[in-house]
Amino acid sequence: MSVQQVIHAANGVREMRWVALVITLLVAIGAGLLPFHQAQQQGRSLASHEVDVNQLDPNINAMVSELRLADMEIQLLKAASVSGSAEHWPSIAQLEAMWLSPFVRDKGWLDKGQHQWQQISPGVYQGISLSAQTYPQYLLNVSATPSQIWFRGNIGHGHEEADIKAKSASSYINVAINDNLLIKQGWQQVMGPRATK
Amino acid sequence: MKQIYLCLLFWFSLLLHSNGAIAKDKPTIGITLQPYYSYVSAIVGDTAEVLPLVVAGFNPHNYQPQPEDLARVQKMDAIVVNGIGHDDFALKVIKAAQRSDLLVIDANASVPLLSARGQSVGQGAVNPHTFMGLSATMTQVYEIANQLAAFYPSNASLYRQNARHYGQQLRTMKYQAMQALAQVDMQTIKVATTHDAYGYLLQEFGIDAPAVIEPAHGVAPSASQLQDTINQIRSSGIDVLFYELDMPNRFVTTIEQATGVKLFRFSHMTHGDYEPEKVMLEMQSNINTLIKAIHYANASAQKEAVQ
């Protein structure tokens with residue numbers, strides 16, 4: 001009676017198969033667990049009229065940076081004001097006299113579109129460029145909580161521009177501002193970074 | 001003997017108590033980078049101690065946290081951070097400290113950020129050098145003042161007043177610079193930079209820097225990347241190259257020789273000692289350099305236009 005014994009060739013094939021099996025298992029486990037290792041998206045998605053501040057055109061980003069700073073300055077100025085009146089917001093002339101961008105008429109103001117600023121209702125500042133076909137118009141609403149920055153491009157042939165220039169810089173136009181009206185008129189709201197208040 | 005021991009213990013406990021009282025009366029505000037030392041010193045005046053997380057002389061571009069940093073965090077009541085990529089070492093230390101009572105002030109919470117530039121910059125990376133810009137500096141100072149005011153209401157009015165005074169000095173600096181550049185057509189100015197640190201400052205003056213030599217923040221370019229930059233500088237007609245004081249600039253001379261650009265040197269503000277006046281002095285120095293560089297680039301552009 002003969003005894004047969006199978007002897008595998010010592011060429012590493014079996015070991016290779018085991019290693020391949022372990023690698024496959026590791027990859028499969030990793031792929032299965034990957035969805036649990038994702039950072040969760042915080043906050044809500046943006047509405048159609050909202051624009052993330054990080055997605056802005058560099059020129060608009062530059063103006064938004066100045067408006068965000070102006071927002072903080074105005075809040076501090078108001079907090080320090082003696083009158084303490086809830087409706088007392090600094091005038092354009094005051095802001096210009098403080099050399100506060102984008103209201104001060106310096107080199108930056110010239111290069112960024114020579115916006116004509118007007119306080120259209122308490123705490124709401126609107127700027128329309130003298131070249132409204134080229135530069136967007138902006139709206140800073142400091143009276144909102146939190147403060148809001150809006151912009152709108154290509155506003156047509158300057159009826160609003162002429163209207164605003166005709167108004168006195170020291171008085172309010174008293175335009176009723178609400179989000180729905182702005183959205184309807186094609187304004188876009190800048191979302192983030194965090195506004196004051 | 002026993003009486004002497006009790007007496008020493010009493011005085012020791014009294015000393016500990018008095019130290020605790022001082023700490024309570026005068027909070028310790030930590031900072032991670034030199035500019036924040038200047039900001040916080042200006043805001044708090046002598047109402048708080050300002051304590052750097054890391055001793056002077058470190059390079060924030062490659063610093064690794066040390067155990068002593070952890071010990072310093074334990075002494076702080078609040079800490080002001082850049083928080084967008086220039087002090088990641090500090091965020092690691094703060095996390096390791098496990099201080100739920102520590103107020104962490106994100107100085108850039110209200111600053112609209114610029115995208116990082118460079119050949120190897122990752123998607124979504126932001127430029128963390130907000131302390132180099134005038135407006136971004138003012139926004140940070142106000143943010144810090146507002147957060148400290150909320151945390152220490154008894155000093156709120158003082159902190160906000162000091163912040164406004166600081167902002168006023170920076171606004172004056174900016175206004176004077178704008179006046180000095182009133183006759184320059186910024187559209188003709190083309191510049192390159194070694195380090196992607198000046199975007200916030202250049203943006204305020206309407207200047208774009210299309211060529212950034214470092215492929216990513218604090219990373220030296222390879223030979224091929226350097227060649228690409230040289231080609232870009234030649235093809236774009238760039239006249240001015242801004243480079244860093246206190247940082248390795250081995251490749252700057254090569255670029256100067258290959259392209260003929262004129263070199264101007266900025267301070268990064270994150271090197272050297274912690275000094276309350278550092279930001280004002282170095283910001284003014286950077287502004288003076290910028291004005292010189294713009295006038296040079298403008299003259300070069302006019303010369304080229306005539307030819």
# chains A, B, ... in the order shown; residues from 1 in each chain; ligands from 1
call {"tool": "closest_atom_pairs", "arguments": {"of": "chain A", "to": "chain B", "cutoff": "8 Å", "atoms": "only C-alpha atoms", "output": "tab-separated table"}}
result
residue	atom	partner	partner_atom	distance
A:Val53	CA	B:Pro112	CA	6.5
A:Asn54	CA	B:Leu113	CA	6.7
A:Asn61	CA	B:Pro112	CA	7.1
A:Ala62	CA	B:Gln203	CA	6.5
A:Val64	CA	B:Pro112	CA	7.4
A:Ser65	CA	B:Pro112	CA	5.7
A:Glu66	CA	B:Ser135	CA	6.9
A:Arg68	CA	B:Ser110	CA	7.5
A:Leu69	CA	B:Thr139	CA	5.5
A:Met72	CA	B:Tyr142	CA	6.9
A:Glu73	CA	B:Arg164	CA	7.7
A:Leu76	CA	B:Arg160	CA	7.0
A:Ala80	CA	B:Gln161	CA	8.0
A:Trp99	CA	B:Arg171	CA	6.6
A:Leu100	CA	B:Arg171	CA	7.0
A:Asp106	CA	B:Met178	CA	6.3
A:Lys107	CA	B:Met178	CA	5.3
A:Gly108	CA	B:Phe205	CA	6.3
A:Asp111	CA	B:Gly206	CA	7.3
A:Lys112	CA	B:Gly206	CA	7.9
A:Gly192	CA	B:Pro112	CA	7.5
A:Pro193	CA	B:Ser110	CA	5.0
A:Arg194	CA	B:Ser110	CA	5.0
A:Ala195	CA	B:Ser110	CA	6.2
A:Thr196	CA	B:Ser110	CA	7.7
call {"tool": "residues_around", "arguments": {"residues": "Ser131 of chain A", "least_positions_apart": "2", "cutoff": "8 Å", "atoms": "only C-alpha atoms", "output": "compact mmCIF listing (two decimals) with N, CA, C and O atoms, in the first residue's frame"}}
result
# COMPACT_ATOMS: atom_id res chain seq x y z
N GLY A 113 -15.34 102.23 -8.39
CA GLY A 113 -16.61 102.54 -9.06
C GLY A 113 -17.29 103.81 -8.62
O GLY A 113 -18.40 104.09 -9.06
N GLN A 114 -16.66 104.61 -7.76
CA GLN A 114 -17.23 105.90 -7.33
C GLN A 114 -18.69 105.76 -6.91
O GLN A 114 -19.57 106.41 -7.46
N SER A 129 -22.98 102.96 -8.18
CA SER A 129 -21.80 103.45 -8.89
C SER A 129 -22.17 104.46 -9.96
O SER A 129 -23.25 104.38 -10.56
N GLN A 133 -23.35 100.38 -15.05
CA GLN A 133 -23.35 99.26 -15.99
C GLN A 133 -22.16 98.34 -15.71
O GLN A 133 -22.19 97.17 -16.07
N THR A 134 -21.12 98.89 -15.10
CA THR A 134 -19.89 98.12 -14.89
C THR A 134 -19.79 97.58 -13.47
O THR A 134 -19.36 96.45 -13.27
N TYR A 135 -20.17 98.42 -12.51
CA TYR A 135 -19.97 98.03 -11.10
C TYR A 135 -21.31 97.71 -10.44
O TYR A 135 -22.30 98.41 -10.68
call {"tool": "select_by_dssp", "arguments": {"residues": "segment 4-175 of chain A", "states": "alpha helix (DSSP H)", "output": "ChimeraX atom specification"}}
result
/A:13-33,58-80,92-97,107-111,159-166
call {"tool": "residues_around", "arguments": {"residues": "segment 274-283 of chain B", "least_positions_apart": "3", "cutoff": "10 Å", "atoms": "only C-alpha atoms", "output": "PyMOL selection string"}}
result
chain B and resi 33-42+45+50-52+55-57+131-134+137+166+169-170+173+201+266-271+286-289
call {"tool": "residues_around", "arguments": {"residues": "Asp77 of chain B", "least_positions_apart": "4", "cutoff": "6 Å", "atoms": "only C-alpha atoms", "output": "list in words"}}
result
Thr28, Ile29 and Leu102 of chain B
call {"tool": "residues_around", "arguments": {"residues": "Phe151 of chain B", "least_positions_apart": "2", "cutoff": "12 Å", "atoms": "only C-alpha atoms", "output": "mmCIF file with C-alpha atoms, in the first residue's frame"}}
result
data_model
loop_
_atom_site.group_PDB
_atom_site.id
_atom_site.type_symbol
_atom_site.label_atom_id
_atom_site.label_comp_id
_atom_site.auth_asym_id
_atom_site.auth_seq_id
_atom_site.Cartn_x
_atom_site.Cartn_y
_atom_site.Cartn_z
ATOM 1 C CA PRO B 27 -7.219 88.102 33.593
ATOM 2 C CA ILE B 29 -5.278 86.698 27.680
ATOM 3 C CA ASP B 77 -8.438 82.772 30.832
ATOM 4 C CA ALA B 78 -8.888 83.410 27.115
ATOM 5 C CA ILE B 79 -6.796 82.949 23.996
ATOM 6 C CA ASP B 101 -13.584 77.126 30.644
ATOM 7 C CA LEU B 102 -11.061 78.669 28.237
ATOM 8 C CA LEU B 103 -12.547 81.345 25.956
ATOM 9 C CA VAL B 104 -11.128 80.789 22.469
ATOM 10 C CA ILE B 105 -11.500 83.955 20.394
ATOM 11 C CA ILE B 144 -11.497 90.562 19.521
ATOM 12 C CA ALA B 145 -12.731 93.659 21.367
ATOM 13 C CA ASN B 146 -16.369 92.601 20.983
ATOM 14 C CA GLN B 147 -15.712 89.076 22.240
ATOM 15 C CA LEU B 148 -13.597 90.270 25.173
ATOM 16 C CA ALA B 149 -16.250 92.878 25.978
ATOM 17 C CA PRO B 153 -18.630 93.262 30.668
ATOM 18 C CA SER B 154 -17.126 95.572 33.290
ATOM 19 C CA ASN B 155 -14.402 96.541 30.802
ATOM 20 C CA ALA B 156 -16.598 96.441 27.690
ATOM 21 C CA TYR B 159 -12.142 97.634 25.216
#
call {"tool": "residues_around", "arguments": {"residues": "segment 88-90 of chain B", "least_positions_apart": "2", "cutoff": "9 Å", "atoms": "only C-alpha atoms", "output": "list in words"}}
result
Thr32, Leu53, Val54, Pro60, Asn62, Tyr63, Gln64, Pro65, Asp69, Val81, Asn82, Gly83, Ile84, Gly85, His86, Lys92, Val93, Ile94 and Lys95 of chain B
call {"tool": "atom_distance", "arguments": {"atom1": "atom CA of Arg105 of chain A", "atom2": "atom CA of Gln189 of chain A"}}
result
25.0 Å
call {"tool": "residues_around", "arguments": {"residues": "Gly237 of chain B", "least_positions_apart": "5", "cutoff": "12 Å", "atoms": "only C-alpha atoms", "output": "list of chain:residue names"}}
result
B:Thr188, B:Ile189, B:Lys190, B:Val191, B:Ala192, B:Pro210, B:Ala211, B:Ile230, B:Asn231, B:Gln232, B:Thr259, B:Gly260, B:Val261, B:Ala297, B:Ser300, B:Ala301, B:Glu304, B:Ala305
call {"tool": "write_last_selection", "arguments": {"atoms": "N, CA and C atoms", "output": "compact mmCIF listing (two decimals), in the first residue's frame"}}
result
# COMPACT_ATOMS: atom_id res chain seq x y z
N THR B 188 -2.31 99.38 -14.30
CA THR B 188 -1.03 99.08 -14.97
C THR B 188 -0.05 98.36 -14.05
N ILE B 189 -0.41 98.22 -12.77
CA ILE B 189 0.54 97.66 -11.80
C ILE B 189 0.47 96.14 -11.81
N LYS B 190 1.62 95.52 -12.04
CA LYS B 190 1.67 94.05 -12.02
C LYS B 190 2.79 93.62 -11.08
N VAL B 191 2.44 92.78 -10.11
CA VAL B 191 3.43 92.38 -9.12
C VAL B 191 3.41 90.86 -8.92
N ALA B 192 4.51 90.35 -8.39
CA ALA B 192 4.59 88.94 -7.98
C ALA B 192 5.02 88.92 -6.53
N PRO B 210 -0.74 87.99 -9.64
CA PRO B 210 -1.04 86.72 -10.31
C PRO B 210 0.00 85.64 -10.05
N ALA B 211 1.25 86.05 -9.74
CA ALA B 211 2.30 85.04 -9.56
C ALA B 211 2.71 84.95 -8.10
N ILE B 230 9.19 81.97 -13.34
CA ILE B 230 10.03 82.89 -14.14
C ILE B 230 9.36 83.15 -15.50
N ASN B 231 8.85 82.08 -16.10
CA ASN B 231 8.17 82.23 -17.41
C ASN B 231 6.94 83.13 -17.26
N GLN B 232 6.20 82.92 -16.15
CA GLN B 232 4.97 83.71 -15.93
C GLN B 232 5.32 85.18 -15.73
N THR B 259 14.74 87.59 -14.63
CA THR B 259 13.61 88.38 -15.16
C THR B 259 13.84 89.90 -15.13
N GLY B 260 14.74 90.35 -14.29
CA GLY B 260 14.97 91.80 -14.18
C GLY B 260 13.95 92.50 -13.30
N VAL B 261 13.14 91.76 -12.53
CA VAL B 261 12.17 92.41 -11.63
C VAL B 261 12.92 93.14 -10.52
N ALA B 297 6.67 100.62 -10.23
CA ALA B 297 5.97 99.84 -11.25
C ALA B 297 5.23 100.75 -12.22
N SER B 300 7.70 102.25 -14.61
CA SER B 300 8.13 101.24 -15.58
C SER B 300 7.05 101.04 -16.64
N ALA B 301 5.79 100.99 -16.19
CA ALA B 301 4.68 100.79 -17.14
C ALA B 301 4.59 101.95 -18.12
N GLU B 304 7.35 101.63 -20.66
CA GLU B 304 7.03 100.58 -21.64
C GLU B 304 6.00 101.07 -22.64
N ALA B 305 5.03 101.85 -22.15
CA ALA B 305 3.97 102.37 -23.02
C ALA B 305 4.55 103.33 -24.08
call {"tool": "atom_distance", "arguments": {"atom1": "atom CA of Gln55 of chain A", "atom2": "atom CA of Leu130 of chain A"}}
result
25.5 Å
